>>> print(open('input-v5.txt').read())   # compact mmCIF, C-alpha atoms
# COMPACT_ATOMS: atom_id res chain seq x y z
CA MET A 3 17.30 10.54 -15.05
CA GLN A 4 16.90 10.14 -18.80
CA PHE A 5 13.22 9.91 -19.69
CA ARG A 6 12.21 7.75 -22.64
CA ILE A 7 8.60 8.02 -23.77
CA GLU A 8 6.68 4.99 -25.05
CA HIS A 9 3.43 6.34 -26.53
CA PHE A 10 0.33 4.27 -27.30
CA SER A 11 -3.09 5.11 -28.68
CA GLU A 12 -4.84 2.53 -26.50
CA VAL A 13 -3.83 -0.01 -23.84
CA ASP A 14 -5.56 -1.95 -21.11
CA SER A 15 -3.41 -0.25 -18.45
CA THR A 16 -0.22 1.80 -18.66
CA ASN A 17 0.95 0.15 -15.43
CA ASP A 18 0.61 -3.28 -17.01
CA VAL A 19 2.60 -2.21 -20.07
CA ALA A 20 5.26 -0.59 -17.87
CA LYS A 21 5.58 -3.74 -15.75
CA ARG A 22 6.07 -5.86 -18.86
CA LEU A 23 8.74 -3.47 -20.15
CA ALA A 24 10.43 -3.43 -16.73
CA ILE A 25 10.60 -7.23 -16.68
CA GLU A 26 12.14 -7.09 -20.15
CA GLY A 27 14.85 -4.75 -18.82
CA ALA A 28 13.58 -1.27 -19.67
CA PRO A 29 15.74 1.32 -17.88
CA GLU A 30 14.71 3.68 -15.12
CA GLY A 31 12.97 6.69 -16.62
CA THR A 32 10.97 4.76 -19.20
CA VAL A 33 7.54 6.42 -19.37
CA VAL A 34 4.47 4.71 -20.80
CA ILE A 35 1.74 7.10 -21.98
CA SER A 36 -1.56 6.12 -23.60
CA GLU A 37 -4.39 8.17 -25.05
CA ILE A 38 -6.94 5.71 -23.67
CA GLN A 39 -6.90 3.00 -21.00
CA LYS A 40 -9.53 0.30 -21.54
CA LYS A 41 -9.01 -1.20 -18.10
CA GLY A 42 -7.54 1.61 -16.03
CA ARG A 43 -7.54 0.86 -12.33
CA GLY A 44 -6.99 2.50 -8.98
CA ARG A 45 -6.29 1.05 -5.56
CA LYS A 46 -7.57 -2.47 -4.91
CA GLY A 47 -8.39 -2.91 -8.58
CA ARG A 48 -11.13 -0.29 -8.66
CA GLU A 49 -12.11 1.00 -12.09
CA TRP A 50 -10.42 4.22 -13.24
CA PHE A 51 -12.32 6.01 -16.00
CA SER A 52 -9.63 6.71 -18.64
CA PRO A 53 -11.05 8.20 -21.84
CA LYS A 54 -9.27 10.23 -24.49
CA GLY A 55 -8.30 13.65 -23.18
CA GLY A 56 -6.71 12.56 -19.92
CA VAL A 57 -3.06 12.02 -19.03
CA TRP A 58 -2.55 8.31 -18.36
CA MET A 59 1.09 7.52 -17.68
CA SER A 60 3.41 5.18 -15.79
CA ILE A 61 7.07 5.72 -14.89
CA ILE A 62 9.54 2.86 -14.39
CA LEU A 63 11.84 3.42 -11.40
CA ARG A 64 14.75 1.36 -10.10
CA PRO A 65 15.82 3.05 -6.84
CA LYS A 66 18.76 1.57 -4.97
CA MET A 67 17.08 1.19 -1.58
CA SER A 68 15.16 -1.35 0.44
CA PRO A 69 11.48 -1.94 -0.38
CA SER A 70 10.38 -0.42 2.94
CA GLN A 71 12.23 2.82 2.16
CA ALA A 72 10.42 3.19 -1.18
CA ALA A 73 6.90 3.49 0.26
CA PRO A 74 6.81 7.33 0.09
CA LEU A 75 7.08 7.31 -3.71
CA THR A 76 3.29 7.35 -3.96
CA LEU A 77 3.19 10.55 -1.89
CA ILE A 78 6.05 12.05 -3.89
CA ALA A 79 4.27 11.43 -7.20
CA GLY A 80 1.14 13.12 -5.84
CA LEU A 81 3.19 16.08 -4.61
CA ALA A 82 4.80 16.43 -8.04
CA VAL A 83 1.35 16.59 -9.66
CA ALA A 84 0.08 19.16 -7.16
CA LYS A 85 3.14 21.38 -7.64
CA THR A 86 2.84 21.11 -11.43
CA LEU A 87 -0.84 22.06 -11.51
CA SER A 88 -0.14 24.99 -9.21
CA GLU A 89 2.80 26.27 -11.26
CA LEU A 90 1.22 25.83 -14.70
CA TYR A 91 -2.39 26.77 -14.01
CA ASN A 92 -2.45 28.38 -10.54
CA LEU A 93 -4.78 25.63 -9.33
CA LYS A 94 -4.92 25.15 -5.58
CA CYS A 95 -4.47 21.42 -5.03
CA LYS A 96 -4.71 19.42 -1.84
CA LEU A 97 -3.19 16.02 -1.14
CA LYS A 98 -5.28 13.22 0.29
CA TRP A 99 -3.32 10.40 1.88
CA PRO A 100 -2.04 8.21 0.38
CA ASN A 101 -2.56 8.70 -3.35
CA ASP A 102 -5.06 11.36 -4.42
CA VAL A 103 -4.76 14.96 -5.61
CA LEU A 104 -7.85 17.07 -4.97
CA ILE A 105 -9.20 20.38 -6.21
CA ASN A 106 -12.09 21.75 -4.15
CA GLU A 107 -12.33 18.36 -2.41
CA LYS A 108 -12.81 16.57 -5.73
CA LYS A 109 -10.34 14.11 -7.22
CA VAL A 110 -8.36 15.32 -10.23
CA CYS A 111 -5.53 12.78 -10.05
CA GLY A 112 -4.78 9.38 -8.60
CA VAL A 113 -1.49 7.53 -8.16
CA LEU A 114 -1.07 3.75 -8.26
CA THR A 115 2.41 2.54 -7.32
CA GLU A 116 3.29 -1.12 -7.85
CA ILE A 117 6.54 -2.78 -6.82
CA SER A 118 8.47 -5.94 -7.62
CA ALA A 119 11.06 -6.64 -4.96
CA GLY A 120 12.95 -9.22 -2.97
CA ILE A 121 13.52 -9.13 0.78
CA ASP A 122 16.11 -6.35 0.67
CA ARG A 123 16.23 -5.08 -2.90
CA ILE A 124 13.90 -3.57 -5.47
CA ASP A 125 13.66 -5.03 -8.96
CA TYR A 126 11.49 -2.19 -10.21
CA ILE A 127 8.72 0.20 -9.23
CA VAL A 128 6.00 1.43 -11.55
CA ALA A 129 4.46 4.78 -10.57
CA GLY A 130 1.15 5.12 -12.38
CA ILE A 131 -0.32 8.62 -12.60
CA GLY A 132 -3.78 9.36 -13.94
CA ILE A 133 -4.83 13.00 -14.41
CA ASN A 134 -8.27 14.12 -15.50
CA ALA A 135 -7.11 16.78 -17.95
CA ASN A 136 -9.24 17.66 -21.01
CA ILE A 137 -12.32 15.66 -20.05
CA ASP A 138 -15.89 16.92 -19.79
CA ILE A 139 -17.48 16.21 -16.41
CA ASP A 140 -20.69 15.14 -18.19
CA SER A 141 -18.82 12.24 -19.78
CA PHE A 142 -18.03 10.66 -16.40
CA PRO A 143 -20.14 7.70 -15.28
CA GLY A 144 -22.77 8.86 -12.80
CA GLU A 145 -21.04 7.45 -9.70
CA PHE A 146 -17.91 9.55 -10.38
CA ARG A 147 -19.49 12.93 -11.15
CA GLY A 148 -19.90 14.04 -7.55
CA VAL A 149 -16.40 13.08 -6.45
CA ALA A 150 -14.20 13.87 -9.48
CA THR A 151 -13.19 16.98 -11.37
CA THR A 152 -11.00 17.78 -14.37
CA ILE A 153 -8.49 20.47 -15.24
CA LYS A 154 -10.73 21.54 -18.13
CA ASN A 155 -13.66 21.90 -15.76
CA GLU A 156 -11.67 23.97 -13.27
CA LEU A 157 -10.15 26.31 -15.88
CA ASN A 158 -13.10 26.38 -18.33
CA LYS A 159 -10.67 25.64 -21.14
CA GLU A 160 -8.51 22.84 -22.48
CA ILE A 161 -4.82 22.63 -21.70
CA LEU A 162 -1.77 21.47 -23.64
CA ARG A 163 -1.21 17.96 -22.37
CA ASP A 164 2.35 17.79 -23.74
CA GLU A 165 3.23 20.84 -21.65
CA LEU A 166 1.66 19.22 -18.58
CA VAL A 167 3.59 15.96 -19.04
CA GLU A 168 6.89 17.77 -19.64
CA GLN A 169 6.52 19.92 -16.52
CA LEU A 170 5.34 16.99 -14.42
CA LEU A 171 8.33 14.83 -15.37
CA GLU A 172 10.70 17.70 -14.54
CA GLU A 173 9.02 18.21 -11.16
CA PHE A 174 8.96 14.51 -10.37
CA GLU A 175 12.66 14.16 -11.22
CA LYS A 176 13.56 17.00 -8.83
CA LEU A 177 11.65 15.42 -5.96
CA TYR A 178 12.91 11.93 -6.77
CA LYS A 179 16.54 13.09 -6.63
CA ILE A 180 15.97 14.74 -3.25
CA PHE A 181 14.30 11.57 -2.01
CA GLN A 182 17.19 9.37 -3.17
CA LYS A 183 19.82 11.57 -1.53
CA GLN A 184 18.07 12.69 1.66
CA GLY A 185 15.09 10.40 2.19
CA PHE A 186 11.48 11.40 2.66
CA SER A 187 12.06 13.57 5.73
CA LYS A 188 13.18 16.44 3.47
CA LEU A 189 9.89 16.27 1.54
CA LYS A 190 7.50 15.34 4.34
CA GLU A 191 6.89 18.90 5.51
CA GLU A 192 6.28 20.07 1.96
CA TRP A 193 3.68 17.31 1.49
CA LYS A 194 2.01 18.26 4.77
CA LYS A 195 1.68 21.91 3.72
CA SER A 196 -0.66 20.80 0.93
CA ALA A 197 -2.31 17.99 2.88
CA SER A 198 -6.08 17.75 3.03
CA THR A 199 -5.91 14.75 5.36
CA ILE A 200 -3.79 16.03 8.27
CA GLY A 201 -5.95 17.41 11.09
CA ARG A 202 -9.16 15.83 9.83
CA LYS A 203 -11.34 13.05 11.13
CA VAL A 204 -10.77 10.01 8.96
CA ARG A 205 -11.80 6.43 8.53
CA ILE A 206 -8.98 4.14 7.37
CA ILE A 207 -9.92 0.76 5.93
CA THR A 208 -7.05 -1.74 5.88
CA ASP A 209 -7.03 -5.39 4.86
CA ARG A 210 -7.63 -6.41 8.47
CA ARG A 211 -9.64 -3.69 10.17
CA THR A 212 -11.18 -0.22 10.13
CA ILE A 213 -9.75 2.65 12.19
CA GLU A 214 -11.42 6.00 12.94
CA GLY A 215 -9.79 9.04 14.46
CA ILE A 216 -7.99 12.30 13.74
CA ALA A 217 -5.10 12.20 11.26
CA ARG A 218 -2.24 13.88 13.11
CA ASP A 219 1.02 13.42 11.21
CA LEU A 220 3.12 11.55 8.68
CA GLY A 221 5.94 9.18 9.53
CA GLU A 222 9.40 9.10 7.98
CA ASN A 223 8.24 6.51 5.44
CA GLY A 224 4.90 8.11 4.65
CA GLU A 225 2.86 6.31 7.31
CA LEU A 226 -0.21 8.11 8.63
CA PHE A 227 -0.50 8.60 12.39
CA VAL A 228 -4.13 8.56 13.52
CA GLU A 229 -5.25 9.53 17.02
CA THR A 230 -8.01 7.17 18.16
CA GLN A 231 -9.75 6.70 21.49
CA GLU A 232 -7.17 4.01 22.30
CA GLY A 233 -4.13 6.10 21.36
CA ILE A 234 -1.99 6.77 18.31
CA GLU A 235 -2.19 4.25 15.46
CA LYS A 236 0.48 4.07 12.74
CA ILE A 237 -1.14 3.18 9.40
CA ILE A 238 1.20 1.96 6.70
CA SER A 239 -1.42 1.53 3.95
CA GLY A 240 -5.17 1.59 3.53
CA ASP A 241 -8.11 3.42 2.01
CA CYS A 242 -8.70 6.83 3.59
CA ILE A 243 -12.14 8.39 3.86
CA HIS A 244 -12.49 11.96 5.07
CA LEU A 245 -15.33 12.30 7.59
>>> encode(input="input-v5.txt", output="structure tokens")
Amino acid sequence: MQFRIEHFSEVDSTNDVAKRLAIEGAPEGTVVISEIQKKGRGRKGREWFSPKGGVWMSIILRPKMSPSQAAPLTLIAGLAVAKTLSELYNLKCKLKWPNDVLINEKKVCGVLTEISAGIDRIDYIVAGIGINANIDIDSFPGEFRGVATTIKNELNKEILRDELVEQLLEEFEKLYKIFQKQGFSKLKEEWKKSASTIGRKVRIITDRRTIEGIARDLGENGELFVETQEGIEKIISGDCIHL
């Protein structure tokens, strides 16, 4: 994959810019990076605090597969971040299904994957990655301080963001190539080794209902299998709360 960086000082959302570029025909590997996001968002449109000092980026992907096969890309992006932070800074990261990277149970990174597709083909996927890098914890809004952390806070020093982005793109490309050739099954066990969710009691909130139980395993397309009192539930998507 040939990465092409589009750098901005300020945008509403890197995912929104990436989607516009994808519609205009930008090739796979186009990366949108912004110093600041004015309207950064997470799952279900939740606010994502995105001040200067973080890494706010979105990657345009055009995999040749069905939309259902592409679901694990959110997990793969999270795994790439966890591996990068471990290799560069020796930080012990855990993965929370489906889209968070944690350090000491606090969120350091979130992934927001958005797709445009037909019934059996993908037009494009935008993988948005937000990393709390050189940000002071005290600058976070009050509601985020107890649940979020930053690389600067964990290391007690600032990092070189260019180095982080370069390593992350290299790591993501490696995993993406494996995924394209061999599917998610090759990467599933690696994700599970760093999983914070597997084996824990969880509450999953979907669009239709709420499920509580023990998270037992991942499916071949990144689904979460939860053991409830009624049996095993396969959850394709939803908000996960660790209990």
>>> closest_atom_pairs(input="input-v5.txt", of="stretch 124-185 of chain A", to="stretch 189-202 of chain A", cutoff="8 Å", atoms="all atoms listed in the file", output="JSON lines")
{"residue": "A:Leu177", "atom": "CA", "partner": "A:Leu189", "partner_atom": "CA", "distance": 7.8}
{"residue": "A:Ile180", "atom": "CA", "partner": "A:Leu189", "partner_atom": "CA", "distance": 7.9}
{"residue": "A:Phe181", "atom": "CA", "partner": "A:Leu189", "partner_atom": "CA", "distance": 7.4}
{"residue": "A:Gly185", "atom": "CA", "partner": "A:Leu189", "partner_atom": "CA", "distance": 7.9}
>>> atom_distance(input="input-v5.txt", atom1="atom CA of A:Pro74", atom2="atom CA of A:Ile7")
23.9 Å
>>> residues_around(input="input-v5.txt", residues="A:Lys179", least_positions_apart="4", cutoff="12 Å", atoms="all atoms listed in the file", output="MDAnalysis selection string")
chainID A and resid 3 63 65:66 75 78 172:175 183:186 188:189
>>> residues_around(input="input-v5.txt", residues="A:Met67", least_positions_apart="3", cutoff="8 Å", atoms="only C-alpha atoms", output="list in words")
Gln71, Ala72, Asp122, Arg123 and Ile124 of chain A
>>> closest_residue(input="input-v5.txt", among="A:Arg64, A:Arg48, A:Lys96, A:Lys236", to="A:Leu114", atoms="all atoms listed in the file")
A:Arg48
>>> residues_around(input="input-v5.txt", residues="A:Leu104", least_positions_apart="6", cutoff="12 Å", atoms="all atoms listed in the file", output="ChimeraX atom specification")
/A:80-81,83-84,87-88,93-98,110-113,133-134,149-153,156,196-199
>>> write_last_selection(input="input-v5.txt", atoms="C-alpha atoms", output="PDB file, in the coordinates of the input")
ATOM      1  CA  GLY A  80       1.140  13.120  -5.840  1.00  0.00           C
ATOM      2  CA  LEU A  81       3.190  16.080  -4.610  1.00  0.00           C
ATOM      3  CA  VAL A  83       1.350  16.590  -9.660  1.00  0.00           C
ATOM      4  CA  ALA A  84       0.080  19.160  -7.160  1.00  0.00           C
ATOM      5  CA  LEU A  87      -0.840  22.060 -11.510  1.00  0.00           C
ATOM      6  CA  SER A  88      -0.140  24.990  -9.210  1.00  0.00           C
ATOM      7  CA  LEU A  93      -4.780  25.630  -9.330  1.00  0.00           C
ATOM      8  CA  LYS A  94      -4.920  25.150  -5.580  1.00  0.00           C
ATOM      9  CA  CYS A  95      -4.470  21.420  -5.030  1.00  0.00           C
ATOM     10  CA  LYS A  96      -4.710  19.420  -1.840  1.00  0.00           C
ATOM     11  CA  LEU A  97      -3.190  16.020  -1.140  1.00  0.00           C
ATOM     12  CA  LYS A  98      -5.280  13.220   0.290  1.00  0.00           C
ATOM     13  CA  VAL A 110      -8.360  15.320 -10.230  1.00  0.00           C
ATOM     14  CA  CYS A 111      -5.530  12.780 -10.050  1.00  0.00           C
ATOM     15  CA  GLY A 112      -4.780   9.380  -8.600  1.00  0.00           C
ATOM     16  CA  VAL A 113      -1.490   7.530  -8.160  1.00  0.00           C
ATOM     17  CA  ILE A 133      -4.830  13.000 -14.410  1.00  0.00           C
ATOM     18  CA  ASN A 134      -8.270  14.120 -15.500  1.00  0.00           C
ATOM     19  CA  VAL A 149     -16.400  13.080  -6.450  1.00  0.00           C
ATOM     20  CA  ALA A 150     -14.200  13.870  -9.480  1.00  0.00           C
ATOM     21  CA  THR A 151     -13.190  16.980 -11.370  1.00  0.00           C
ATOM     22  CA  THR A 152     -11.000  17.780 -14.370  1.00  0.00           C
ATOM     23  CA  ILE A 153      -8.490  20.470 -15.240  1.00  0.00           C
ATOM     24  CA  GLU A 156     -11.670  23.970 -13.270  1.00  0.00           C
ATOM     25  CA  SER A 196      -0.660  20.800   0.930  1.00  0.00           C
ATOM     26  CA  ALA A 197      -2.310  17.990   2.880  1.00  0.00           C
ATOM     27  CA  SER A 198      -6.080  17.750   3.030  1.00  0.00           C
ATOM     28  CA  THR A 199      -5.910  14.750   5.360  1.00  0.00           C
TER      29      THR A 199
END
>>> closest_residue(input="input-v5.txt", among="A:Glu229, A:Glu26, A:Asp241, A:Glu37", to="A:His9", atoms="only C-alpha atoms")
A:Glu37
>>> atom_distance(input="input-v5.txt", atom1="atom CA of A:Ile213", atom2="atom CA of A:Arg147")
27.3 Å
>>> atom_distance(input="input-v5.txt", atom1="atom CA of A:Val13", atom2="atom CA of A:Gly42")
8.8 Å
>>> closest_residue(input="input-v5.txt", among="A:Ile105, A:Val228, A:Ile25, A:Ile35", to="A:Thr212", atoms="all atoms listed in the file")
A:Val228
>>> closest_residue(input="input-v5.txt", among="A:Asn136, A:Ser15, A:Asn223, A:Thr76", to="A:Lys54", atoms="all atoms listed in the file")
A:Asn136
>>> build_atoms(input="input-v5.txt", residues="stretch 83-95 of chain A", atoms="N, CA and C atoms", output="PDB file, in the frame of the given file")
ATOM      1  N   VAL A  83       2.528  16.170  -8.886  1.00  0.00           N
ATOM      2  CA  VAL A  83       1.350  16.590  -9.660  1.00  0.00           C
ATOM      3  C   VAL A  83       0.786  17.890  -9.097  1.00  0.00           C
ATOM      4  N   ALA A  84       0.637  17.963  -7.778  1.00  0.00           N
ATOM      5  CA  ALA A  84       0.080  19.160  -7.160  1.00  0.00           C
ATOM      6  C   ALA A  84       0.931  20.398  -7.454  1.00  0.00           C
ATOM      7  N   LYS A  85       2.243  20.261  -7.364  1.00  0.00           N
ATOM      8  CA  LYS A  85       3.140  21.380  -7.640  1.00  0.00           C
ATOM      9  C   LYS A  85       3.048  21.792  -9.111  1.00  0.00           C
ATOM     10  N   THR A  86       2.933  20.813  -9.994  1.00  0.00           N
ATOM     11  CA  THR A  86       2.840  21.110 -11.430  1.00  0.00           C
ATOM     12  C   THR A  86       1.553  21.854 -11.758  1.00  0.00           C
ATOM     13  N   LEU A  87       0.433  21.399 -11.223  1.00  0.00           N
ATOM     14  CA  LEU A  87      -0.840  22.060 -11.510  1.00  0.00           C
ATOM     15  C   LEU A  87      -0.879  23.465 -10.922  1.00  0.00           C
ATOM     16  N   SER A  88      -0.214  23.661  -9.804  1.00  0.00           N
ATOM     17  CA  SER A  88      -0.140  24.990  -9.210  1.00  0.00           C
ATOM     18  C   SER A  88       0.719  25.925 -10.066  1.00  0.00           C
ATOM     19  N   GLU A  89       1.867  25.426 -10.503  1.00  0.00           N
ATOM     20  CA  GLU A  89       2.800  26.270 -11.260  1.00  0.00           C
ATOM     21  C   GLU A  89       2.274  26.606 -12.656  1.00  0.00           C
ATOM     22  N   LEU A  90       1.670  25.626 -13.320  1.00  0.00           N
ATOM     23  CA  LEU A  90       1.220  25.830 -14.700  1.00  0.00           C
ATOM     24  C   LEU A  90      -0.099  26.598 -14.775  1.00  0.00           C
ATOM     25  N   TYR A  91      -1.016  26.265 -13.862  1.00  0.00           N
ATOM     26  CA  TYR A  91      -2.390  26.770 -14.010  1.00  0.00           C
ATOM     27  C   TYR A  91      -2.903  27.527 -12.785  1.00  0.00           C
ATOM     28  N   ASN A  92      -2.049  27.695 -11.778  1.00  0.00           N
ATOM     29  CA  ASN A  92      -2.450  28.380 -10.540  1.00  0.00           C
ATOM     30  C   ASN A  92      -3.644  27.698  -9.868  1.00  0.00           C
ATOM     31  N   LEU A  93      -3.712  26.390  -9.982  1.00  0.00           N
ATOM     32  CA  LEU A  93      -4.780  25.630  -9.330  1.00  0.00           C
ATOM     33  C   LEU A  93      -4.337  25.261  -7.916  1.00  0.00           C
ATOM     34  N   LYS A  94      -5.228  25.463  -6.970  1.00  0.00           N
ATOM     35  CA  LYS A  94      -4.920  25.150  -5.580  1.00  0.00           C
ATOM     36  C   LYS A  94      -5.286  23.687  -5.300  1.00  0.00           C
ATOM     37  N   CYS A  95      -4.273  22.863  -5.220  1.00  0.00           N
ATOM     38  CA  CYS A  95      -4.470  21.420  -5.030  1.00  0.00           C
ATOM     39  C   CYS A  95      -4.219  21.029  -3.580  1.00  0.00           C
TER      40      CYS A  95
END
